[in-house]
$ cat data12.cif   # mmCIF, C-alpha atoms and all ligand atoms
data_data
#
loop_
_atom_site.label_atom_id
_atom_site.label_comp_id
_atom_site.auth_asym_id
_atom_site.auth_seq_id
_atom_site.Cartn_x
_atom_site.Cartn_y
_atom_site.Cartn_z
CA ALA F 8 19.51 73.75 162.79
CA SER F 9 16.13 75.43 162.96
CA VAL F 10 15.67 78.09 165.65
CA GLY F 11 12.38 79.25 167.16
CA VAL F 12 12.14 82.46 169.17
CA ILE F 13 9.56 82.94 171.91
CA VAL F 14 8.82 86.57 172.80
CA VAL F 15 6.96 86.90 176.09
CA ALA F 16 4.83 90.05 175.97
CA ALA F 17 1.87 89.07 178.14
CA GLY F 18 2.79 90.98 181.29
CA SER F 19 0.70 93.80 182.70
CA GLY F 20 3.47 96.34 183.27
CA THR F 21 2.35 97.17 186.80
CA ARG F 22 5.67 98.70 187.84
CA LEU F 23 5.80 100.88 184.73
CA GLY F 24 2.38 102.17 185.77
CA TYR F 25 1.30 103.32 182.32
CA GLY F 26 -2.24 101.90 182.46
CA LEU F 27 -1.49 99.73 179.41
CA PRO F 28 0.05 96.27 179.02
CA LYS F 29 3.79 97.00 178.95
CA ALA F 30 4.33 95.66 175.41
CA GLN F 31 1.84 98.29 174.15
CA VAL F 32 3.53 101.22 175.89
CA PRO F 33 4.98 103.66 173.34
CA LEU F 34 8.77 103.95 173.08
CA ALA F 35 9.87 106.61 170.58
CA GLY F 36 6.31 106.54 169.22
CA GLU F 37 6.01 102.78 168.69
CA PRO F 38 4.88 99.98 171.02
CA ILE F 39 7.67 98.31 173.01
CA LEU F 40 6.82 95.01 171.24
CA ALA F 41 7.53 96.54 167.81
CA HIS F 42 11.08 97.37 168.90
CA ALA F 43 11.53 93.90 170.36
CA LEU F 44 10.32 92.15 167.19
CA ARG F 45 12.52 94.33 165.01
CA GLY F 46 15.52 93.25 167.07
CA VAL F 47 14.65 89.58 166.74
CA LEU F 48 14.18 89.89 162.97
CA ALA F 49 17.38 91.93 162.51
CA ALA F 50 19.34 89.13 164.18
CA GLY F 51 18.27 86.80 161.38
CA VAL F 52 18.38 83.66 163.52
CA ALA F 53 14.67 82.80 163.74
CA ALA F 54 12.79 80.44 161.42
CA ARG F 55 9.70 80.86 163.61
CA ILE F 56 8.61 83.42 166.19
CA CYS F 57 5.78 82.91 168.66
CA VAL F 58 4.66 85.90 170.74
CA ALA F 59 2.72 85.48 174.00
CA VAL F 60 0.31 88.42 174.33
CA PRO F 61 -2.17 89.25 177.11
CA ALA F 62 -5.31 87.11 176.78
CA GLY F 63 -7.86 88.94 174.67
CA ASP F 64 -5.39 91.56 173.44
CA THR F 65 -6.07 92.65 169.87
CA VAL F 66 -3.60 95.56 169.56
CA LEU F 67 -0.50 93.39 169.91
CA ARG F 68 -1.95 90.60 167.76
CA LYS F 69 -2.53 93.12 164.98
CA LEU F 70 1.03 94.39 165.38
CA CYS F 71 2.38 90.84 165.05
CA ALA F 72 0.21 90.22 161.98
CA GLY F 73 1.76 93.32 160.39
CA PHE F 74 5.28 92.00 161.01
CA ALA F 75 4.22 88.60 159.63
CA ALA F 76 3.00 90.22 156.42
CA GLN F 77 6.33 92.04 156.00
CA HIS F 78 8.42 88.91 156.74
CA PRO F 79 6.94 85.99 154.78
CA ASP F 80 10.19 84.03 155.28
CA VAL F 81 9.58 83.77 159.05
CA VAL F 82 6.52 82.11 160.61
CA ILE F 83 5.19 84.66 163.13
CA SER F 84 2.34 83.57 165.39
CA THR F 85 0.70 84.71 168.64
CA VAL F 86 -0.77 82.88 171.63
CA ASP F 87 -2.57 84.00 174.79
CA GLY F 88 -0.07 84.28 177.63
CA GLY F 89 -0.66 83.01 181.16
CA ALA F 90 -0.80 84.34 184.70
CA SER F 91 2.98 84.02 185.18
CA ARG F 92 5.95 84.51 182.87
CA ALA F 93 6.59 80.75 183.05
CA ALA F 94 2.99 80.05 181.97
CA SER F 95 3.38 82.47 179.06
CA VAL F 96 6.56 80.68 177.97
CA ALA F 97 4.77 77.31 178.20
CA ALA F 98 1.91 78.59 176.02
CA ALA F 99 4.34 79.97 173.43
CA LEU F 100 6.31 76.71 173.42
CA ARG F 101 3.12 74.91 172.39
CA GLY F 102 2.46 77.65 169.82
CA LEU F 103 5.92 77.21 168.31
CA GLY F 104 5.24 73.55 167.52
CA ASP F 105 7.61 70.63 167.00
CA GLY F 106 9.69 71.71 164.04
CA VAL F 107 12.55 73.53 165.80
CA ASP F 108 15.81 72.19 167.27
CA ALA F 109 16.56 75.19 169.46
CA VAL F 110 14.44 77.80 171.23
CA LEU F 111 15.39 81.31 172.31
CA VAL F 112 13.17 82.79 175.05
CA HIS F 113 13.15 86.59 174.99
CA ASP F 114 11.45 89.27 177.10
CA ALA F 115 9.60 91.88 175.02
CA ALA F 116 10.60 94.23 177.84
CA ARG F 117 14.26 93.88 176.69
CA ALA F 118 13.18 95.69 173.55
CA LEU F 119 16.55 97.17 172.57
CA THR F 120 18.62 93.98 172.79
CA PRO F 121 21.22 94.24 169.99
CA PRO F 122 21.08 91.59 167.22
CA GLU F 123 24.62 90.46 168.19
CA VAL F 124 23.32 89.12 171.49
CA PHE F 125 20.82 86.85 169.69
CA GLN F 126 23.59 85.75 167.34
CA ARG F 127 25.97 84.90 170.21
CA VAL F 128 23.32 82.79 171.91
CA ALA F 129 22.41 81.01 168.66
CA ALA F 130 26.09 80.40 167.86
CA ALA F 131 26.73 78.78 171.27
CA LEU F 132 23.73 76.49 170.74
CA ALA F 133 24.97 75.59 167.26
CA ALA F 134 28.36 74.77 168.83
CA GLY F 135 26.70 72.21 171.11
CA ALA F 136 25.54 74.06 174.25
CA ARG F 137 22.16 72.89 175.62
CA ALA F 138 21.51 76.09 177.58
CA VAL F 139 22.95 79.58 176.96
CA VAL F 140 22.34 82.84 178.78
CA PRO F 141 23.65 86.37 178.02
CA ALA F 142 25.19 87.97 181.09
CA VAL F 143 26.92 91.14 182.22
CA ALA F 144 29.18 91.76 185.20
CA VAL F 145 27.54 93.37 188.22
CA VAL F 146 28.88 96.88 188.86
CA ASP F 147 27.34 97.58 192.26
CA THR F 148 28.77 96.24 195.49
CA ILE F 149 26.19 93.70 196.66
CA LYS F 150 25.43 92.96 200.31
CA THR F 151 22.93 90.64 201.93
CA ALA F 152 20.67 92.09 204.62
CA ARG F 153 18.99 90.74 207.75
CA PRO F 154 16.43 92.27 210.09
CA SER F 155 17.73 94.48 212.92
CA THR F 156 16.74 93.34 216.39
CA GLY F 157 16.10 95.02 219.73
CA ALA F 158 17.32 98.62 220.04
CA GLU F 159 18.96 98.45 216.56
CA ALA F 160 15.50 98.29 215.03
CA ASP F 161 14.87 101.88 216.23
CA ILE F 162 17.85 103.04 214.14
CA ALA F 163 17.17 101.06 210.95
CA PRO F 164 15.00 98.06 210.07
CA GLU F 165 17.85 96.10 208.49
CA LYS F 166 21.57 95.58 208.89
CA VAL F 167 24.25 94.03 206.69
CA ALA F 168 24.62 90.28 206.98
CA ALA F 169 27.51 89.87 204.53
CA THR F 170 29.17 91.25 201.42
CA VAL F 171 29.02 88.99 198.38
CA ASP F 172 32.14 88.53 196.26
CA ARG F 173 31.21 90.55 193.18
CA ALA F 174 33.80 88.87 190.97
CA HIS F 175 31.52 85.84 190.63
CA LEU F 176 28.24 87.71 190.15
CA ARG F 177 26.53 88.10 186.79
CA ALA F 178 23.27 89.81 185.89
CA VAL F 179 21.54 87.64 183.29
CA GLN F 180 19.44 88.84 180.40
CA THR F 181 17.48 87.42 177.51
CA PRO F 182 17.37 85.88 174.91
CA GLN F 183 18.09 82.65 176.79
CA GLY F 184 18.70 79.77 174.38
CA PHE F 185 17.98 76.08 174.85
CA ASP F 186 17.93 72.76 173.15
CA ALA F 187 14.23 72.50 172.24
CA ALA F 188 13.71 69.02 173.72
CA ALA F 189 15.46 69.92 176.99
CA LEU F 190 13.33 73.06 177.38
CA ALA F 191 10.12 71.17 176.67
CA ARG F 192 11.05 68.54 179.30
CA ALA F 193 11.89 71.24 181.84
CA HIS F 194 8.53 72.90 181.26
CA GLU F 195 6.64 69.61 181.65
CA SER F 196 8.03 69.43 185.18
CA LEU F 197 6.26 72.74 185.92
CA ALA F 198 2.81 71.61 184.87
CA GLY F 199 1.68 70.89 188.44
CA LEU F 200 2.83 74.22 189.95
CA GLY F 201 0.37 76.72 191.40
CA PRO F 202 0.54 80.37 190.24
CA GLY F 203 2.36 81.45 193.42
CA GLU F 204 5.13 78.91 192.86
CA ALA F 205 5.34 79.70 189.14
CA ASP F 206 6.07 83.36 190.01
CA GLY F 207 9.38 82.18 191.48
CA ILE F 208 10.48 80.82 188.09
CA THR F 209 11.93 84.09 186.79
CA ASP F 210 13.89 82.51 183.97
CA GLU F 211 14.21 79.23 182.08
CA ALA F 212 17.89 78.76 182.90
CA LEU F 213 16.85 78.10 186.51
CA LEU F 214 14.90 75.05 185.34
CA MET F 215 17.96 73.76 183.47
CA GLU F 216 20.23 74.31 186.49
CA ARG F 217 17.81 72.30 188.61
CA GLY F 218 17.92 69.55 186.02
CA GLY F 219 21.72 69.43 186.13
CA VAL F 220 22.23 70.95 182.67
CA ASP F 221 25.30 73.22 182.31
CA VAL F 222 24.19 76.75 181.45
CA MET F 223 26.82 78.57 179.36
CA LEU F 224 27.28 82.35 179.64
CA VAL F 225 27.91 84.61 176.64
CA PRO F 226 28.38 88.39 176.76
CA GLY F 227 25.15 90.34 177.09
CA SER F 228 24.74 94.08 176.55
CA ALA F 229 23.86 97.14 178.59
CA GLN F 230 21.39 97.95 175.80
CA ALA F 231 19.46 94.77 176.67
CA LEU F 232 18.15 96.41 179.84
CA LYS F 233 14.70 95.25 180.93
CA ILE F 234 12.27 98.15 180.76
CA THR F 235 10.63 97.83 184.17
CA THR F 236 10.18 101.35 185.56
CA GLN F 237 9.70 104.88 184.20
CA LEU F 238 13.44 105.44 184.63
CA ASP F 239 14.17 102.46 182.34
CA LEU F 240 11.75 103.83 179.74
CA ALA F 241 13.57 107.18 179.81
CA VAL F 242 16.93 105.38 179.39
CA ALA F 243 15.53 103.37 176.46
CA GLU F 244 14.27 106.57 174.80
CA ALA F 245 17.75 108.09 175.17
CA LEU F 246 19.46 104.97 173.76
CA LEU F 247 17.17 105.01 170.73
CA ALA F 248 17.74 108.71 170.14
CA ALA F 249 21.51 108.06 170.21
CA ARG F 250 21.13 105.24 167.63
CA GLN F 251 19.62 107.52 164.98
CA PRO F 252 22.11 108.37 162.21
N1 LIG F 301 5.46 88.28 181.02
C1 LIG F 301 4.54 87.45 180.35
N2 LIG F 301 3.48 86.91 181.05
C2 LIG F 301 3.31 87.18 182.36
C3 LIG F 301 4.24 88.01 183.04
C4 LIG F 301 5.31 88.55 182.34
O1 LIG F 301 4.68 87.23 179.15
N3 LIG F 301 2.25 86.66 182.98
C5 LIG F 301 6.56 88.87 180.25
C6 LIG F 301 6.48 90.40 180.21
O2 LIG F 301 5.60 90.80 179.15
C7 LIG F 301 7.92 90.81 180.00
C8 LIG F 301 8.71 89.68 180.64
O3 LIG F 301 7.80 88.60 180.87
O4 LIG F 301 8.27 90.93 178.63
C9 LIG F 301 9.37 90.12 181.93
O5 LIG F 301 8.36 90.45 182.88
P1 LIG F 301 8.27 91.86 183.65
O6 LIG F 301 9.40 92.73 183.28
O7 LIG F 301 7.99 91.55 185.08
O8 LIG F 301 6.98 92.51 182.94
P2 LIG F 301 5.53 92.71 183.57
O9 LIG F 301 5.14 91.49 184.32
O10 LIG F 301 4.66 93.16 182.47
O11 LIG F 301 5.77 93.94 184.56
P3 LIG F 301 5.28 94.06 186.09
O12 LIG F 301 5.90 92.88 186.81
O13 LIG F 301 5.80 95.39 186.54
O14 LIG F 301 3.78 93.99 186.05
MG MG F 302 6.24 90.88 186.11
#
$ encode --input "data12.cif" --output "structure tokens"
Amino acid sequence: ASVGVIVVAAGSGTRLGYGLPKAQVPLAGEPILAHALRGVLAAGVAARICVAVPAGDTVLRKLCAGFAAQHPDVVISTVDGGASRAASVAAALRGLGDGVDAVLVHDAARALTPPEVFQRVAAALAAGARAVVPAVAVVDTIKTARPSTGAEADIAPEKVAATVDRAHLRAVQTPQGFDAAALARAHESLAGLGPGEADGITDEALLMERGGVDVMLVPGSAQALKITTQLDLAVAEALLAARQP
């Protein structure tokens, strides 16, 4: 079966606060996207890769062209991303074209995702799953909160509503893998959404769940952390330093 990988790299990186699109931000001297693409290629699962970059970006397009030149066996293309992550995925789905049976959707921000995670997701798809997500157990105790009222509000703005049973909680990562036709159908259902609504679609698995498709979980990795804040960038730098021989 032929696998296409979408890498969404069109975000602005507001929370990282670097003054550059996040995929351009240097990590151990190279743009975050370079690390992400190297991970995808090391996994060896992709026949095609389509990268969604910020509209008008030339730095990341040039980077992708460099990877394409070094990897003639894989079709590597770029498209302009959209205003939301979901819109960027939709654009990259069109960019990937019709020739793939399965699609992995990956965040460039999860730049250090080990190749094994891609391979686990691809293997579950090959074994017949229609939707596959890497996940890790949640280590924190999680509580829901509600607003304090009356005199309580002078003490603290919120109070605990309930404690969630952690045993059933999973933090999900990318790459998320899907049957190509099922993902395309799910994305068609989004076509009418406004940008505000699209912001609530934080992953593709959600669309599958809504459509009644079983989403299988495979082990993720702590190394697949999403670089969101300065703290995450520091952690990623440390992980990379520890990887050097
Ligand atoms: N993404 C995208 N297009 C968007 C928004 C996000 O391709 N319009 C991508 C990002 O590039 C990232 C992934 O989706 O690889 C996860 O998004 P996030 O971590 O939120 O990245 P940013 O949106 O760039 O960061 P922020 O929300 O802090 O601005
Ligand atoms: Mg964002």
$ atom_distance --input "data12.cif" --atom1 "CA of Pro122 (chain F)" --atom2 "CA of Ala49 (chain F)"
6.0 Å
$ atom_distance --input "data12.cif" --atom1 "CA of Gly207 (chain F)" --atom2 "CA of Cys71 (chain F)"
28.7 Å
$ atom_distance --input "data12.cif" --atom1 "CA of Ala54 (chain F)" --atom2 "CA of Pro226 (chain F)"
23.3 Å
$ residues_around --input "data12.cif" --residues "Lys29 (chain F)" --least-positions-apart "4" --cutoff "10 Å" --atoms "only C-alpha atoms" --output "PDB file with C-alpha atoms, keeping the file's coordinate frame"
ATOM      1  CA  ALA F  16       4.830  90.050 175.970  1.00  0.00           C
ATOM      2  CA  ALA F  17       1.870  89.070 178.140  1.00  0.00           C
ATOM      3  CA  GLY F  18       2.790  90.980 181.290  1.00  0.00           C
ATOM      4  CA  SER F  19       0.700  93.800 182.700  1.00  0.00           C
ATOM      5  CA  GLY F  20       3.470  96.340 183.270  1.00  0.00           C
ATOM      6  CA  THR F  21       2.350  97.170 186.800  1.00  0.00           C
ATOM      7  CA  ARG F  22       5.670  98.700 187.840  1.00  0.00           C
ATOM      8  CA  LEU F  23       5.800 100.880 184.730  1.00  0.00           C
ATOM      9  CA  GLY F  24       2.380 102.170 185.770  1.00  0.00           C
ATOM     10  CA  TYR F  25       1.300 103.320 182.320  1.00  0.00           C
ATOM     11  CA  PRO F  33       4.980 103.660 173.340  1.00  0.00           C
ATOM     12  CA  PRO F  38       4.880  99.980 171.020  1.00  0.00           C
ATOM     13  CA  ILE F  39       7.670  98.310 173.010  1.00  0.00           C
ATOM     14  CA  LEU F  40       6.820  95.010 171.240  1.00  0.00           C
ATOM     15  CA  PRO F  61      -2.170  89.250 177.110  1.00  0.00           C
ATOM     16  CA  ALA F 115       9.600  91.880 175.020  1.00  0.00           C
ATOM     17  CA  ALA F 116      10.600  94.230 177.840  1.00  0.00           C
ATOM     18  CA  ILE F 234      12.270  98.150 180.760  1.00  0.00           C
ATOM     19  CA  THR F 235      10.630  97.830 184.170  1.00  0.00           C
TER      20      THR F 235
END
$ closest_residue --input "data12.cif" --among "F:Ala43, F:Leu103, F:Ala35, F:Leu238" --to "ligand LIG 301 (chain F)" --atoms "only C-alpha atoms and all ligand atoms"
F:Ala43
$ closest_residue --input "data12.cif" --among "F:Lys233, F:Arg250, F:Arg101, F:Arg153" --to "ligand LIG 301 (chain F)" --atoms "only C-alpha atoms and all ligand atoms"
F:Lys233
$ residues_near_point --input "data12.cif" --point "(27.7, 85.3, 188.0)" --cutoff "9 Å" --atoms "all atoms listed in the file" --output "list in words"
Ala142, Val143, Ala144, Val145, Arg173, Ala174, His175, Leu176, Arg177, Ala178, Val179 and Leu224 of chain F
$ closest_residue --input "data12.cif" --among "F:Pro202, F:Gly102, F:Pro154, F:Gly135" --to "ligand LIG 301 (chain F)" --atoms "all atoms listed in the file"
F:Pro202
$ closest_residue --input "data12.cif" --among "F:Ala130, F:Cys57, F:Leu48, F:Ile162" --to "ligand LIG 301 (chain F)" --atoms "all atoms listed in the file"
F:Cys57
$ decode --input "data12.cif" --residues "region 27-146 of chain F" --atoms "C-alpha atoms" --output "PDB file, in the first residue's frame"
ATOM      1  CA  LEU F  27       9.403  33.666  13.057  1.00  0.00           C
ATOM      2  CA  PRO F  28       6.992  31.004  11.791  1.00  0.00           C
ATOM      3  CA  LYS F  29       7.576  28.099  14.193  1.00  0.00           C
ATOM      4  CA  ALA F  30       8.818  25.682  11.507  1.00  0.00           C
ATOM      5  CA  GLN F  31      11.653  28.142  10.749  1.00  0.00           C
ATOM      6  CA  VAL F  32      12.783  28.491  14.363  1.00  0.00           C
ATOM      7  CA  PRO F  33      16.276  27.047  14.839  1.00  0.00           C
ATOM      8  CA  LEU F  34      16.652  23.875  16.916  1.00  0.00           C
ATOM      9  CA  ALA F  35      20.288  22.825  17.342  1.00  0.00           C
ATOM     10  CA  GLY F  36      21.127  25.197  14.479  1.00  0.00           C
ATOM     11  CA  GLU F  37      18.572  23.912  11.959  1.00  0.00           C
ATOM     12  CA  PRO F  38      14.939  24.870  11.323  1.00  0.00           C
ATOM     13  CA  ILE F  39      12.369  22.798  13.224  1.00  0.00           C
ATOM     14  CA  LEU F  40      10.974  21.606   9.858  1.00  0.00           C
ATOM     15  CA  ALA F  41      14.345  20.090   8.880  1.00  0.00           C
ATOM     16  CA  HIS F  42      14.266  17.874  11.968  1.00  0.00           C
ATOM     17  CA  ALA F  43      10.664  16.913  11.290  1.00  0.00           C
ATOM     18  CA  LEU F  44      11.357  15.971   7.655  1.00  0.00           C
ATOM     19  CA  ARG F  45      14.416  13.961   8.633  1.00  0.00           C
ATOM     20  CA  GLY F  46      12.254  11.956  11.029  1.00  0.00           C
ATOM     21  CA  VAL F  47       9.646  11.260   8.360  1.00  0.00           C
ATOM     22  CA  LEU F  48      12.302  10.158   5.863  1.00  0.00           C
ATOM     23  CA  ALA F  49      14.151   8.006   8.425  1.00  0.00           C
ATOM     24  CA  ALA F  50      10.923   6.094   9.063  1.00  0.00           C
ATOM     25  CA  GLY F  51      10.933   4.988   5.426  1.00  0.00           C
ATOM     26  CA  VAL F  52       7.153   4.708   5.175  1.00  0.00           C
ATOM     27  CA  ALA F  53       6.365   7.600   2.813  1.00  0.00           C
ATOM     28  CA  ALA F  54       6.048   7.372  -0.972  1.00  0.00           C
ATOM     29  CA  ARG F  55       4.988  11.023  -1.041  1.00  0.00           C
ATOM     30  CA  ILE F  56       5.302  13.921   1.388  1.00  0.00           C
ATOM     31  CA  CYS F  57       3.340  17.162   1.136  1.00  0.00           C
ATOM     32  CA  VAL F  58       4.314  20.023   3.455  1.00  0.00           C
ATOM     33  CA  ALA F  59       1.911  22.873   4.251  1.00  0.00           C
ATOM     34  CA  VAL F  60       3.969  26.057   4.719  1.00  0.00           C
ATOM     35  CA  PRO F  61       2.834  29.593   5.578  1.00  0.00           C
ATOM     36  CA  ALA F  62       1.419  31.333   2.490  1.00  0.00           C
ATOM     37  CA  GLY F  63       4.186  33.213   0.724  1.00  0.00           C
ATOM     38  CA  ASP F  64       6.978  31.537   2.708  1.00  0.00           C
ATOM     39  CA  THR F  65      10.103  30.967   0.631  1.00  0.00           C
ATOM     40  CA  VAL F  66      12.524  29.790   3.351  1.00  0.00           C
ATOM     41  CA  LEU F  67      10.621  26.586   4.115  1.00  0.00           C
ATOM     42  CA  ARG F  68       9.856  25.914   0.446  1.00  0.00           C
ATOM     43  CA  LYS F  69      13.585  26.096  -0.299  1.00  0.00           C
ATOM     44  CA  LEU F  70      14.282  23.739   2.599  1.00  0.00           C
ATOM     45  CA  CYS F  71      11.759  21.231   1.214  1.00  0.00           C
ATOM     46  CA  ALA F  72      13.264  21.524  -2.271  1.00  0.00           C
ATOM     47  CA  GLY F  73      16.653  20.643  -0.770  1.00  0.00           C
ATOM     48  CA  PHE F  74      15.225  17.505   0.853  1.00  0.00           C
ATOM     49  CA  ALA F  75      13.503  16.615  -2.439  1.00  0.00           C
ATOM     50  CA  ALA F  76      16.813  16.839  -4.293  1.00  0.00           C
ATOM     51  CA  GLN F  77      18.459  14.506  -1.754  1.00  0.00           C
ATOM     52  CA  HIS F  78      15.578  11.987  -1.819  1.00  0.00           C
ATOM     53  CA  PRO F  79      14.589  11.375  -5.455  1.00  0.00           C
ATOM     54  CA  ASP F  80      12.759   8.185  -4.402  1.00  0.00           C
ATOM     55  CA  VAL F  81      10.140  10.206  -2.459  1.00  0.00           C
ATOM     56  CA  VAL F  82       7.879  12.842  -4.041  1.00  0.00           C
ATOM     57  CA  ILE F  83       8.231  15.907  -1.788  1.00  0.00           C
ATOM     58  CA  SER F  84       5.958  18.876  -2.492  1.00  0.00           C
ATOM     59  CA  THR F  85       4.767  22.021  -0.701  1.00  0.00           C
ATOM     60  CA  VAL F  86       1.445  23.881  -0.577  1.00  0.00           C
ATOM     61  CA  ASP F  87       0.296  27.114   1.051  1.00  0.00           C
ATOM     62  CA  GLY F  88      -1.324  26.332   4.397  1.00  0.00           C
ATOM     63  CA  GLY F  89      -4.555  27.883   5.645  1.00  0.00           C
ATOM     64  CA  ALA F  90      -5.801  29.959   8.550  1.00  0.00           C
ATOM     65  CA  SER F  91      -6.380  26.899  10.761  1.00  0.00           C
ATOM     66  CA  ARG F  92      -4.538  23.611  11.180  1.00  0.00           C
ATOM     67  CA  ALA F  93      -7.537  21.837   9.620  1.00  0.00           C
ATOM     68  CA  ALA F  94      -7.366  24.146   6.577  1.00  0.00           C
ATOM     69  CA  SER F  95      -3.643  23.422   6.232  1.00  0.00           C
ATOM     70  CA  VAL F  96      -4.342  19.680   6.318  1.00  0.00           C
ATOM     71  CA  ALA F  97      -7.065  20.102   3.673  1.00  0.00           C
ATOM     72  CA  ALA F  98      -4.669  22.008   1.395  1.00  0.00           C
ATOM     73  CA  ALA F  99      -1.962  19.367   1.816  1.00  0.00           C
ATOM     74  CA  LEU F 100      -4.468  16.570   1.139  1.00  0.00           C
ATOM     75  CA  ARG F 101      -5.176  18.171  -2.238  1.00  0.00           C
ATOM     76  CA  GLY F 102      -1.424  18.586  -2.774  1.00  0.00           C
ATOM     77  CA  LEU F 103      -0.811  14.903  -2.070  1.00  0.00           C
ATOM     78  CA  GLY F 104      -3.110  13.860  -4.924  1.00  0.00           C
ATOM     79  CA  ASP F 105      -5.031  10.639  -5.519  1.00  0.00           C
ATOM     80  CA  GLY F 106      -2.318   8.025  -5.689  1.00  0.00           C
ATOM     81  CA  VAL F 107      -2.057   7.016  -2.017  1.00  0.00           C
ATOM     82  CA  ASP F 108      -4.050   4.446   0.001  1.00  0.00           C
ATOM     83  CA  ALA F 109      -3.155   5.795   3.420  1.00  0.00           C
ATOM     84  CA  VAL F 110      -2.275   9.234   4.787  1.00  0.00           C
ATOM     85  CA  LEU F 111      -0.273  10.121   7.890  1.00  0.00           C
ATOM     86  CA  VAL F 112      -0.876  13.654   9.216  1.00  0.00           C
ATOM     87  CA  HIS F 113       2.074  14.971  11.207  1.00  0.00           C
ATOM     88  CA  ASP F 114       2.788  18.227  13.065  1.00  0.00           C
ATOM     89  CA  ALA F 115       6.137  19.793  12.123  1.00  0.00           C
ATOM     90  CA  ALA F 116       6.129  20.976  15.741  1.00  0.00           C
ATOM     91  CA  ARG F 117       6.580  17.315  16.829  1.00  0.00           C
ATOM     92  CA  ALA F 118       9.980  17.512  15.195  1.00  0.00           C
ATOM     93  CA  LEU F 119      11.733  14.795  17.216  1.00  0.00           C
ATOM     94  CA  THR F 120       9.128  12.044  16.785  1.00  0.00           C
ATOM     95  CA  PRO F 121      11.116   8.773  16.556  1.00  0.00           C
ATOM     96  CA  PRO F 122      10.850   6.791  13.284  1.00  0.00           C
ATOM     97  CA  GLU F 123       9.347   3.847  15.240  1.00  0.00           C
ATOM     98  CA  VAL F 124       6.208   5.867  15.917  1.00  0.00           C
ATOM     99  CA  PHE F 125       5.635   6.409  12.177  1.00  0.00           C
ATOM    100  CA  GLN F 126       6.286   2.710  11.601  1.00  0.00           C
ATOM    101  CA  ARG F 127       3.778   1.642  14.287  1.00  0.00           C
ATOM    102  CA  VAL F 128       1.081   3.839  12.783  1.00  0.00           C
ATOM    103  CA  ALA F 129       1.801   2.602   9.248  1.00  0.00           C
ATOM    104  CA  ALA F 130       1.823  -1.022  10.431  1.00  0.00           C
ATOM    105  CA  ALA F 131      -1.602  -0.677  12.095  1.00  0.00           C
ATOM    106  CA  LEU F 132      -3.010   0.805   8.870  1.00  0.00           C
ATOM    107  CA  ALA F 133      -1.477  -2.024   6.852  1.00  0.00           C
ATOM    108  CA  ALA F 134      -3.128  -4.474   9.276  1.00  0.00           C
ATOM    109  CA  GLY F 135      -6.546  -3.013   8.454  1.00  0.00           C
ATOM    110  CA  ALA F 136      -7.132  -0.066  10.817  1.00  0.00           C
ATOM    111  CA  ARG F 137      -8.891   2.933   9.210  1.00  0.00           C
ATOM    112  CA  ALA F 138      -7.687   5.427  11.821  1.00  0.00           C
ATOM    113  CA  VAL F 139      -4.617   5.169  14.089  1.00  0.00           C
ATOM    114  CA  VAL F 140      -3.274   7.591  16.669  1.00  0.00           C
ATOM    115  CA  PRO F 141      -0.090   7.409  18.800  1.00  0.00           C
ATOM    116  CA  ALA F 142      -0.834   7.987  22.471  1.00  0.00           C
ATOM    117  CA  VAL F 143       0.871   8.124  25.852  1.00  0.00           C
ATOM    118  CA  ALA F 144      -0.581   7.716  29.329  1.00  0.00           C
ATOM    119  CA  VAL F 145      -1.269  10.931  31.228  1.00  0.00           C
ATOM    120  CA  VAL F 146       1.013  11.307  34.256  1.00  0.00           C
TER     121      VAL F 146
END
